[in-house]
>>> print(open('coords_36.cif').read())   # mmCIF, N, CA and C atoms and all ligand atoms
data_my_file
#
loop_
_atom_site.label_atom_id
_atom_site.label_comp_id
_atom_site.auth_asym_id
_atom_site.auth_seq_id
_atom_site.Cartn_x
_atom_site.Cartn_y
_atom_site.Cartn_z
N MET A 260 181.64 27.86 -230.12
CA MET A 260 181.47 27.18 -228.81
C MET A 260 180.92 25.77 -229.06
N ASP A 261 181.58 24.74 -228.59
CA ASP A 261 181.07 23.39 -228.84
C ASP A 261 180.15 22.95 -227.70
N ARG A 262 179.55 21.80 -227.96
CA ARG A 262 178.56 21.27 -227.00
C ARG A 262 179.14 21.09 -225.61
N GLY A 263 180.38 20.56 -225.55
CA GLY A 263 181.00 20.28 -224.26
C GLY A 263 181.14 21.55 -223.42
N THR A 264 181.57 22.64 -224.07
CA THR A 264 181.74 23.91 -223.35
C THR A 264 180.40 24.40 -222.81
N LEU A 265 179.38 24.28 -223.66
CA LEU A 265 178.04 24.74 -223.25
C LEU A 265 177.57 24.01 -222.00
N ILE A 266 177.78 22.69 -222.03
CA ILE A 266 177.33 21.88 -220.88
C ILE A 266 178.08 22.28 -219.62
N LYS A 267 179.42 22.47 -219.78
CA LYS A 267 180.23 22.88 -218.63
C LYS A 267 179.74 24.21 -218.07
N LEU A 268 179.45 25.13 -219.00
CA LEU A 268 178.99 26.46 -218.57
C LEU A 268 177.68 26.37 -217.81
N SER A 269 176.77 25.52 -218.35
CA SER A 269 175.47 25.47 -217.67
C SER A 269 175.61 24.79 -216.32
N ILE A 270 176.53 23.83 -216.21
CA ILE A 270 176.75 23.18 -214.90
C ILE A 270 177.31 24.22 -213.92
N ALA A 271 178.25 25.05 -214.41
CA ALA A 271 178.84 26.08 -213.56
C ALA A 271 177.76 27.05 -213.09
N GLY A 272 176.86 27.38 -214.04
CA GLY A 272 175.78 28.30 -213.70
C GLY A 272 174.88 27.72 -212.61
N LEU A 273 174.55 26.43 -212.76
CA LEU A 273 173.70 25.78 -211.76
C LEU A 273 174.38 25.77 -210.39
N ALA A 274 175.68 25.48 -210.40
CA ALA A 274 176.42 25.42 -209.15
C ALA A 274 176.40 26.79 -208.46
N LEU A 275 176.56 27.82 -209.26
CA LEU A 275 176.54 29.17 -208.73
C LEU A 275 175.18 29.49 -208.11
N ALA A 276 174.13 29.12 -208.85
CA ALA A 276 172.78 29.38 -208.35
C ALA A 276 172.56 28.63 -207.04
N GLY A 277 173.06 27.37 -206.99
CA GLY A 277 172.91 26.58 -205.78
C GLY A 277 173.64 27.24 -204.62
N ALA A 278 174.84 27.72 -204.88
CA ALA A 278 175.62 28.37 -203.83
C ALA A 278 174.90 29.61 -203.34
N ALA A 279 174.29 30.34 -204.27
CA ALA A 279 173.58 31.56 -203.89
C ALA A 279 172.41 31.22 -202.97
N VAL A 280 171.68 30.14 -203.31
CA VAL A 280 170.54 29.73 -202.50
C VAL A 280 171.00 29.34 -201.10
N ILE A 281 172.12 28.57 -201.04
CA ILE A 281 172.64 28.15 -199.73
C ILE A 281 173.04 29.37 -198.91
N ALA A 282 173.72 30.32 -199.56
CA ALA A 282 174.15 31.53 -198.85
C ALA A 282 172.94 32.30 -198.34
N TRP A 283 171.90 32.38 -199.18
CA TRP A 283 170.71 33.12 -198.81
C TRP A 283 170.02 32.44 -197.64
N ARG A 284 169.97 31.06 -197.69
CA ARG A 284 169.32 30.32 -196.61
C ARG A 284 170.05 30.53 -195.30
N SER A 285 171.40 30.48 -195.35
CA SER A 285 172.15 30.60 -194.09
C SER A 285 172.00 32.01 -193.53
N LEU A 286 171.87 32.98 -194.41
CA LEU A 286 171.61 34.35 -193.97
C LEU A 286 170.26 34.39 -193.24
N GLY A 287 169.27 33.73 -193.88
CA GLY A 287 167.92 33.74 -193.32
C GLY A 287 167.88 33.07 -191.96
N SER A 288 168.62 31.94 -191.81
CA SER A 288 168.54 31.20 -190.56
C SER A 288 169.27 31.93 -189.44
N SER A 289 170.22 32.80 -189.79
CA SER A 289 170.93 33.53 -188.73
C SER A 289 170.19 34.81 -188.37
N ALA A 290 168.99 34.99 -188.92
CA ALA A 290 168.23 36.22 -188.65
C ALA A 290 167.81 36.32 -187.20
N GLY A 291 167.92 35.22 -186.45
CA GLY A 291 167.62 35.26 -185.02
C GLY A 291 168.48 36.29 -184.31
N GLY A 292 169.68 36.53 -184.86
CA GLY A 292 170.55 37.55 -184.29
C GLY A 292 170.02 38.95 -184.50
N GLY A 293 168.98 39.06 -185.33
CA GLY A 293 168.40 40.37 -185.57
C GLY A 293 167.83 40.99 -184.31
N ASP A 294 167.42 40.13 -183.39
CA ASP A 294 166.94 40.59 -182.10
C ASP A 294 167.93 41.53 -181.42
N ASP A 295 169.19 41.15 -181.53
CA ASP A 295 170.23 41.92 -180.87
C ASP A 295 170.33 43.31 -181.45
N ALA A 296 170.28 43.38 -182.78
CA ALA A 296 170.37 44.69 -183.41
C ALA A 296 169.22 45.57 -182.92
N GLU A 297 168.05 44.95 -182.76
CA GLU A 297 166.89 45.72 -182.29
C GLU A 297 167.10 46.23 -180.86
N LYS A 298 167.81 45.43 -180.06
CA LYS A 298 168.06 45.84 -178.67
C LYS A 298 168.84 47.15 -178.62
N TYR A 299 169.70 47.35 -179.62
CA TYR A 299 170.55 48.53 -179.61
C TYR A 299 169.95 49.67 -180.42
N ASP A 300 168.81 49.43 -181.03
CA ASP A 300 168.17 50.45 -181.84
C ASP A 300 167.48 51.46 -180.92
N GLU A 301 168.06 52.66 -180.84
CA GLU A 301 167.57 53.66 -179.89
C GLU A 301 166.19 54.19 -180.27
N THR A 302 165.74 53.92 -181.49
CA THR A 302 164.44 54.45 -181.89
C THR A 302 163.30 53.52 -181.47
N ARG A 303 163.65 52.30 -180.99
CA ARG A 303 162.61 51.35 -180.60
C ARG A 303 162.34 51.44 -179.11
N THR A 304 161.13 51.12 -178.72
CA THR A 304 160.80 51.10 -177.30
C THR A 304 161.19 49.73 -176.74
N ARG A 305 161.66 49.73 -175.48
CA ARG A 305 162.15 48.49 -174.88
C ARG A 305 161.15 47.98 -173.87
N TRP A 306 161.02 46.65 -173.83
CA TRP A 306 160.05 46.02 -172.94
C TRP A 306 160.67 44.82 -172.28
N LEU A 307 160.18 44.53 -171.08
CA LEU A 307 160.66 43.37 -170.35
C LEU A 307 159.45 42.58 -169.87
N CYS A 308 159.47 41.26 -170.12
CA CYS A 308 158.41 40.39 -169.61
C CYS A 308 158.64 40.19 -168.12
N LEU A 309 157.59 40.37 -167.31
CA LEU A 309 157.74 40.27 -165.86
C LEU A 309 157.43 38.88 -165.32
N GLU A 310 157.04 37.95 -166.20
CA GLU A 310 156.81 36.58 -165.76
C GLU A 310 158.14 36.00 -165.28
N ALA A 311 158.14 35.46 -164.04
CA ALA A 311 159.40 34.99 -163.45
C ALA A 311 160.07 33.93 -164.32
N ALA A 312 159.27 33.11 -164.97
CA ALA A 312 159.85 32.02 -165.76
C ALA A 312 160.26 32.47 -167.15
N CYS A 313 160.00 33.71 -167.49
CA CYS A 313 160.21 34.14 -168.87
C CYS A 313 161.27 35.25 -168.95
N ARG A 314 160.94 36.42 -168.43
CA ARG A 314 161.87 37.56 -168.39
C ARG A 314 162.42 37.90 -169.77
N ARG A 315 161.62 37.73 -170.79
CA ARG A 315 162.06 37.98 -172.15
C ARG A 315 162.23 39.49 -172.37
N GLU A 316 163.33 39.85 -173.00
CA GLU A 316 163.54 41.24 -173.41
C GLU A 316 163.08 41.36 -174.85
N PHE A 317 162.28 42.37 -175.14
CA PHE A 317 161.87 42.57 -176.52
C PHE A 317 161.68 44.05 -176.81
N THR A 318 161.62 44.38 -178.06
CA THR A 318 161.48 45.79 -178.45
C THR A 318 160.32 45.93 -179.42
N LEU A 319 159.76 47.11 -179.45
CA LEU A 319 158.70 47.44 -180.40
C LEU A 319 159.05 48.79 -181.02
N SER A 320 158.81 48.93 -182.29
CA SER A 320 159.00 50.24 -182.90
C SER A 320 157.88 51.15 -182.41
N THR A 321 158.11 52.44 -182.47
CA THR A 321 157.07 53.36 -182.00
C THR A 321 155.80 53.19 -182.84
N ALA A 322 155.97 52.82 -184.12
CA ALA A 322 154.79 52.61 -184.97
C ALA A 322 154.01 51.39 -184.48
N GLU A 323 154.73 50.30 -184.16
CA GLU A 323 154.06 49.09 -183.66
C GLU A 323 153.35 49.39 -182.34
N LEU A 324 154.03 50.13 -181.47
CA LEU A 324 153.44 50.44 -180.18
C LEU A 324 152.22 51.34 -180.35
N GLY A 325 152.33 52.32 -181.25
CA GLY A 325 151.21 53.21 -181.50
C GLY A 325 149.99 52.44 -182.00
N ALA A 326 150.24 51.48 -182.90
CA ALA A 326 149.14 50.68 -183.44
C ALA A 326 148.51 49.84 -182.33
N PHE A 327 149.36 49.32 -181.43
CA PHE A 327 148.84 48.50 -180.33
C PHE A 327 147.96 49.35 -179.41
N TYR A 328 148.44 50.53 -179.06
CA TYR A 328 147.68 51.38 -178.13
C TYR A 328 146.37 51.87 -178.74
N ARG A 329 146.35 51.99 -180.07
CA ARG A 329 145.09 52.39 -180.70
C ARG A 329 144.00 51.38 -180.40
N ASP A 330 144.37 50.09 -180.39
CA ASP A 330 143.37 49.03 -180.17
C ASP A 330 143.27 48.60 -178.71
N HIS A 331 144.32 48.81 -177.94
CA HIS A 331 144.36 48.29 -176.56
C HIS A 331 144.79 49.40 -175.62
N GLU A 332 143.93 50.36 -175.43
CA GLU A 332 144.25 51.43 -174.51
C GLU A 332 144.47 50.86 -173.11
N ASP A 333 145.41 51.42 -172.36
CA ASP A 333 145.66 51.02 -170.97
C ASP A 333 146.13 49.58 -170.83
N GLN A 334 146.64 48.98 -171.88
CA GLN A 334 147.18 47.62 -171.75
C GLN A 334 148.65 47.64 -172.11
N ASN A 335 149.34 46.60 -171.70
CA ASN A 335 150.73 46.46 -172.11
C ASN A 335 150.81 45.46 -173.26
N PRO A 336 151.75 45.67 -174.16
CA PRO A 336 151.89 44.71 -175.26
C PRO A 336 152.28 43.33 -174.73
N ALA A 337 151.79 42.29 -175.37
CA ALA A 337 152.05 40.93 -174.91
C ALA A 337 153.50 40.53 -175.21
N CYS A 338 154.03 39.71 -174.31
CA CYS A 338 155.38 39.17 -174.50
C CYS A 338 155.39 38.26 -175.73
N PRO A 339 156.38 38.39 -176.60
CA PRO A 339 156.41 37.53 -177.79
C PRO A 339 156.72 36.08 -177.45
N ALA A 340 157.27 35.82 -176.27
CA ALA A 340 157.65 34.44 -175.91
C ALA A 340 156.51 33.72 -175.21
N CYS A 341 155.94 34.31 -174.14
CA CYS A 341 154.92 33.61 -173.36
C CYS A 341 153.52 34.17 -173.62
N GLU A 342 153.44 35.27 -174.39
CA GLU A 342 152.17 35.86 -174.81
C GLU A 342 151.33 36.40 -173.67
N LYS A 343 151.92 36.55 -172.48
CA LYS A 343 151.20 37.21 -171.40
C LYS A 343 151.43 38.72 -171.50
N GLN A 344 150.47 39.46 -170.96
CA GLN A 344 150.61 40.91 -171.02
C GLN A 344 151.23 41.46 -169.75
N ASN A 345 151.91 40.60 -169.01
CA ASN A 345 152.61 41.00 -167.79
C ASN A 345 153.98 41.57 -168.18
N THR A 346 153.96 42.72 -168.83
CA THR A 346 155.19 43.31 -169.35
C THR A 346 155.31 44.74 -168.85
N ALA A 347 156.48 45.29 -168.91
CA ALA A 347 156.69 46.67 -168.49
C ALA A 347 157.69 47.34 -169.42
N ARG A 348 157.50 48.63 -169.56
CA ARG A 348 158.44 49.42 -170.33
C ARG A 348 159.80 49.38 -169.64
N ALA A 349 160.85 49.14 -170.37
CA ALA A 349 162.16 48.93 -169.76
C ALA A 349 163.20 49.87 -170.34
N SER A 350 164.33 49.95 -169.63
CA SER A 350 165.50 50.66 -170.13
C SER A 350 166.61 49.64 -170.30
N ARG A 351 167.64 50.01 -171.04
CA ARG A 351 168.76 49.09 -171.19
C ARG A 351 169.93 49.61 -170.39
N CYS A 352 170.49 48.73 -169.56
CA CYS A 352 171.64 49.11 -168.75
C CYS A 352 172.87 49.26 -169.64
N ALA A 353 173.58 50.37 -169.50
CA ALA A 353 174.76 50.60 -170.33
C ALA A 353 175.92 49.71 -169.92
N SER A 354 175.88 49.18 -168.69
CA SER A 354 177.00 48.35 -168.21
C SER A 354 176.84 46.89 -168.63
N CYS A 355 175.72 46.26 -168.25
CA CYS A 355 175.57 44.83 -168.56
C CYS A 355 174.70 44.62 -169.79
N GLU A 356 174.10 45.69 -170.31
CA GLU A 356 173.32 45.65 -171.55
C GLU A 356 172.06 44.81 -171.45
N ARG A 357 171.64 44.52 -170.21
CA ARG A 357 170.36 43.83 -170.06
C ARG A 357 169.27 44.87 -169.82
N PHE A 358 168.04 44.45 -170.09
CA PHE A 358 166.91 45.35 -169.87
C PHE A 358 166.51 45.33 -168.41
N TYR A 359 166.07 46.45 -167.89
CA TYR A 359 165.55 46.50 -166.53
C TYR A 359 164.40 47.49 -166.51
N VAL A 360 163.55 47.34 -165.52
CA VAL A 360 162.43 48.25 -165.38
C VAL A 360 162.82 49.31 -164.36
N PRO A 361 162.91 50.56 -164.76
CA PRO A 361 163.30 51.60 -163.80
C PRO A 361 162.26 51.72 -162.70
N ARG A 362 162.75 51.82 -161.47
CA ARG A 362 161.83 52.00 -160.33
C ARG A 362 161.98 53.42 -159.83
N HIS A 363 160.88 53.98 -159.49
CA HIS A 363 160.90 55.33 -158.95
C HIS A 363 160.32 55.30 -157.55
N GLU A 364 161.11 54.70 -156.62
CA GLU A 364 160.62 54.62 -155.24
C GLU A 364 160.97 55.91 -154.52
N PRO A 365 160.02 56.43 -153.75
CA PRO A 365 160.35 57.62 -152.98
C PRO A 365 161.37 57.24 -151.90
N PRO A 366 162.33 58.09 -151.61
CA PRO A 366 163.34 57.78 -150.58
C PRO A 366 162.70 57.82 -149.20
N PRO A 367 163.29 57.09 -148.22
CA PRO A 367 162.77 57.15 -146.84
C PRO A 367 162.82 58.59 -146.36
N PRO A 368 161.91 58.94 -145.42
CA PRO A 368 161.86 60.33 -144.95
C PRO A 368 163.23 60.78 -144.42
N GLY A 369 163.62 61.97 -144.74
CA GLY A 369 164.86 62.51 -144.23
C GLY A 369 166.09 62.07 -145.01
N GLN A 370 165.89 61.21 -146.00
CA GLN A 370 167.05 60.78 -146.78
C GLN A 370 166.96 61.30 -148.21
N ARG A 371 168.12 61.47 -148.77
CA ARG A 371 168.13 61.91 -150.16
C ARG A 371 167.88 60.70 -151.06
N PRO A 372 167.24 60.92 -152.19
CA PRO A 372 166.99 59.78 -153.08
C PRO A 372 168.30 59.13 -153.52
N LYS A 373 168.30 57.79 -153.54
CA LYS A 373 169.48 57.07 -153.99
C LYS A 373 169.58 57.18 -155.51
N PRO A 374 170.79 57.26 -156.03
CA PRO A 374 170.88 57.24 -157.49
C PRO A 374 170.38 55.90 -158.02
N PRO A 375 169.65 55.91 -159.10
CA PRO A 375 169.11 54.64 -159.60
C PRO A 375 170.23 53.69 -160.00
N SER A 376 170.02 52.41 -159.75
CA SER A 376 171.03 51.43 -160.14
C SER A 376 170.36 50.26 -160.86
N CYS A 377 171.16 49.55 -161.64
CA CYS A 377 170.66 48.43 -162.42
C CYS A 377 170.39 47.24 -161.52
N PRO A 378 169.19 46.62 -161.57
CA PRO A 378 168.90 45.46 -160.72
C PRO A 378 169.68 44.22 -161.13
N ASN A 379 170.26 44.23 -162.31
CA ASN A 379 171.01 43.06 -162.78
C ASN A 379 172.47 43.11 -162.35
N CYS A 380 173.12 44.26 -162.49
CA CYS A 380 174.55 44.33 -162.19
C CYS A 380 174.85 45.32 -161.08
N GLY A 381 173.85 46.12 -160.64
CA GLY A 381 174.06 47.03 -159.53
C GLY A 381 174.78 48.32 -159.89
N LYS A 382 175.20 48.46 -161.14
CA LYS A 382 175.90 49.67 -161.53
C LYS A 382 174.89 50.82 -161.64
N PRO A 383 175.34 52.04 -161.34
CA PRO A 383 174.43 53.17 -161.47
C PRO A 383 173.98 53.35 -162.93
N VAL A 384 172.75 53.73 -163.08
CA VAL A 384 172.23 53.97 -164.42
C VAL A 384 171.70 55.39 -164.50
N ARG A 385 171.58 55.88 -165.69
CA ARG A 385 171.07 57.23 -165.86
C ARG A 385 169.60 57.31 -165.54
ZN ZN B 401 157.15 36.32 -171.39
ZN ZN B 402 173.34 46.36 -165.50
#
>>> encode(input="coords_36.cif", output="structure tokens")
Amino acid sequence: MDRGTLIKLSIAGLALAGAAVIAWRSLGSSAGGGDDAEKYDETRTRWLCLEAACRREFTLSTAELGAFYRDHEDQNPACPACEKQNTARASRCASCERFYVPRHEPPPPGQRPKPPSCPNCGKPVR
């Protein structure tokens, strides 16, 4: 192997390493999409920020929630966006896939309870 080949090889190696770093960085920067995967993770608890200006949807694993409740009994976890504790446990609508807070209003006297519906799209929810 002559000197020229060695230099070419090492340049190729550097280029490869550079490409790997760029690929890794772009993977890292697209991690914001990870939020979405969490939204569909049935093992996580779903939460909705009730601040009118925020309405952030977020999820917590049962382990995270358990750790929070150990230290903050009777409180709701803070919203990751506005950091207020004005949050509520939410469900995800199967139709529009947005989070909503299920309401359990008693029906008017003499009427049968209405089937629950999504406040975002109005479709019936389970
Ligand atoms: Zn918020
Ligand atoms: Zn909906």
>>> closest_residue(input="coords_36.cif", among="A:Gly325, A:Pro372, A:Pro366, A:Pro361", to="ligand ZN 402 (chain B)", atoms="only C-alpha atoms and all ligand atoms")
A:Pro361
>>> select_by_dssp(input="coords_36.cif", residues="stretch 271-366 of chain A", states="helix (DSSP H, G or I)", output="PyMOL selection string")
chain A and resi 271-298+321-330
>>> closest_atom_pairs(input="coords_36.cif", of="chain A", to="ligand ZN 401 (chain B)", cutoff="7 Å", atoms="only N, CA and C atoms and all ligand atoms", output="tab-separated table")
residue	atom	partner	partner_atom	distance
A:Leu307	C	B:ZN401	ZN	6.8
A:Cys308	CA	B:ZN401	ZN	4.6
A:Leu309	N	B:ZN401	ZN	5.8
A:Glu310	N	B:ZN401	ZN	5.4
A:Ala312	C	B:ZN401	ZN	6.5
A:Cys313	CA	B:ZN401	ZN	4.5
A:Arg314	N	B:ZN401	ZN	4.8
A:Arg315	N	B:ZN401	ZN	4.7
A:Ala337	C	B:ZN401	ZN	6.8
A:Cys338	CA	B:ZN401	ZN	4.6
A:Pro339	N	B:ZN401	ZN	5.7
A:Ala340	C	B:ZN401	ZN	4.7
A:Cys341	N	B:ZN401	ZN	3.6
A:Glu342	N	B:ZN401	ZN	4.9
A:Lys343	N	B:ZN401	ZN	5.3
A:Asn345	C	B:ZN401	ZN	6.9
>>> residues_near_ligand(input="coords_36.cif", ligand="ligand ZN 402 (chain B)", cutoff="7 Å", atoms="only C-alpha atoms and all ligand atoms", output="list in words")
Cys352, Ala353, Ser354, Cys355, Glu356, Arg357, Cys377, Pro378, Asn379, Cys380, Gly381 and Lys382 of chain A
>>> closest_residue(input="coords_36.cif", among="A:Asp295, A:Thr264, A:Ser376, A:Leu324", to="A:Pro336", atoms="only N, CA and C atoms")
A:Leu324
>>> residues_near_point(input="coords_36.cif", point="(163.5, 49.3, -183.7)", cutoff="7 Å", atoms="all atoms listed in the file", output="MDAnalysis selection string")
chainID A and resid 296:298 300:304 318:321
>>> write_last_selection(input="coords_36.cif", atoms="N, CA and C atoms", output="PDB file, in the coordinates of the input")
ATOM      1  N   ALA A 296     170.280  43.380-182.780  1.00  0.00           N
ATOM      2  CA  ALA A 296     170.370  44.690-183.410  1.00  0.00           C
ATOM      3  C   ALA A 296     169.220  45.570-182.920  1.00  0.00           C
ATOM      4  N   GLU A 297     168.050  44.950-182.760  1.00  0.00           N
ATOM      5  CA  GLU A 297     166.890  45.720-182.290  1.00  0.00           C
ATOM      6  C   GLU A 297     167.100  46.230-180.860  1.00  0.00           C
ATOM      7  N   LYS A 298     167.810  45.430-180.060  1.00  0.00           N
ATOM      8  CA  LYS A 298     168.060  45.840-178.670  1.00  0.00           C
ATOM      9  C   LYS A 298     168.840  47.150-178.620  1.00  0.00           C
ATOM     10  N   ASP A 300     168.810  49.430-181.030  1.00  0.00           N
ATOM     11  CA  ASP A 300     168.170  50.450-181.840  1.00  0.00           C
ATOM     12  C   ASP A 300     167.480  51.460-180.920  1.00  0.00           C
ATOM     13  N   GLU A 301     168.060  52.660-180.840  1.00  0.00           N
ATOM     14  CA  GLU A 301     167.570  53.660-179.890  1.00  0.00           C
ATOM     15  C   GLU A 301     166.190  54.190-180.270  1.00  0.00           C
ATOM     16  N   THR A 302     165.740  53.920-181.490  1.00  0.00           N
ATOM     17  CA  THR A 302     164.440  54.450-181.890  1.00  0.00           C
ATOM     18  C   THR A 302     163.300  53.520-181.470  1.00  0.00           C
ATOM     19  N   ARG A 303     163.650  52.300-180.990  1.00  0.00           N
ATOM     20  CA  ARG A 303     162.610  51.350-180.600  1.00  0.00           C
ATOM     21  C   ARG A 303     162.340  51.440-179.110  1.00  0.00           C
ATOM     22  N   THR A 304     161.130  51.120-178.720  1.00  0.00           N
ATOM     23  CA  THR A 304     160.800  51.100-177.300  1.00  0.00           C
ATOM     24  C   THR A 304     161.190  49.730-176.740  1.00  0.00           C
ATOM     25  N   THR A 318     161.620  44.380-178.060  1.00  0.00           N
ATOM     26  CA  THR A 318     161.480  45.790-178.450  1.00  0.00           C
ATOM     27  C   THR A 318     160.320  45.930-179.420  1.00  0.00           C
ATOM     28  N   LEU A 319     159.760  47.110-179.450  1.00  0.00           N
ATOM     29  CA  LEU A 319     158.700  47.440-180.400  1.00  0.00           C
ATOM     30  C   LEU A 319     159.050  48.790-181.020  1.00  0.00           C
ATOM     31  N   SER A 320     158.810  48.930-182.290  1.00  0.00           N
ATOM     32  CA  SER A 320     159.000  50.240-182.900  1.00  0.00           C
ATOM     33  C   SER A 320     157.880  51.150-182.410  1.00  0.00           C
ATOM     34  N   THR A 321     158.110  52.440-182.470  1.00  0.00           N
ATOM     35  CA  THR A 321     157.070  53.360-182.000  1.00  0.00           C
ATOM     36  C   THR A 321     155.800  53.190-182.840  1.00  0.00           C
TER      37      THR A 321
END
>>> closest_residue(input="coords_36.cif", among="A:Ala349, A:Ser269, A:Asp330, A:Ala278", to="A:Phe317", atoms="only C-alpha atoms")
A:Ala349
>>> atom_distance(input="coords_36.cif", atom1="atom CA of A:Ser350", atom2="atom CA of A:Arg305")
6.2 Å
>>> atom_distance(input="coords_36.cif", atom1="atom C of A:Pro375", atom2="atom N of A:Arg348")
16.7 Å
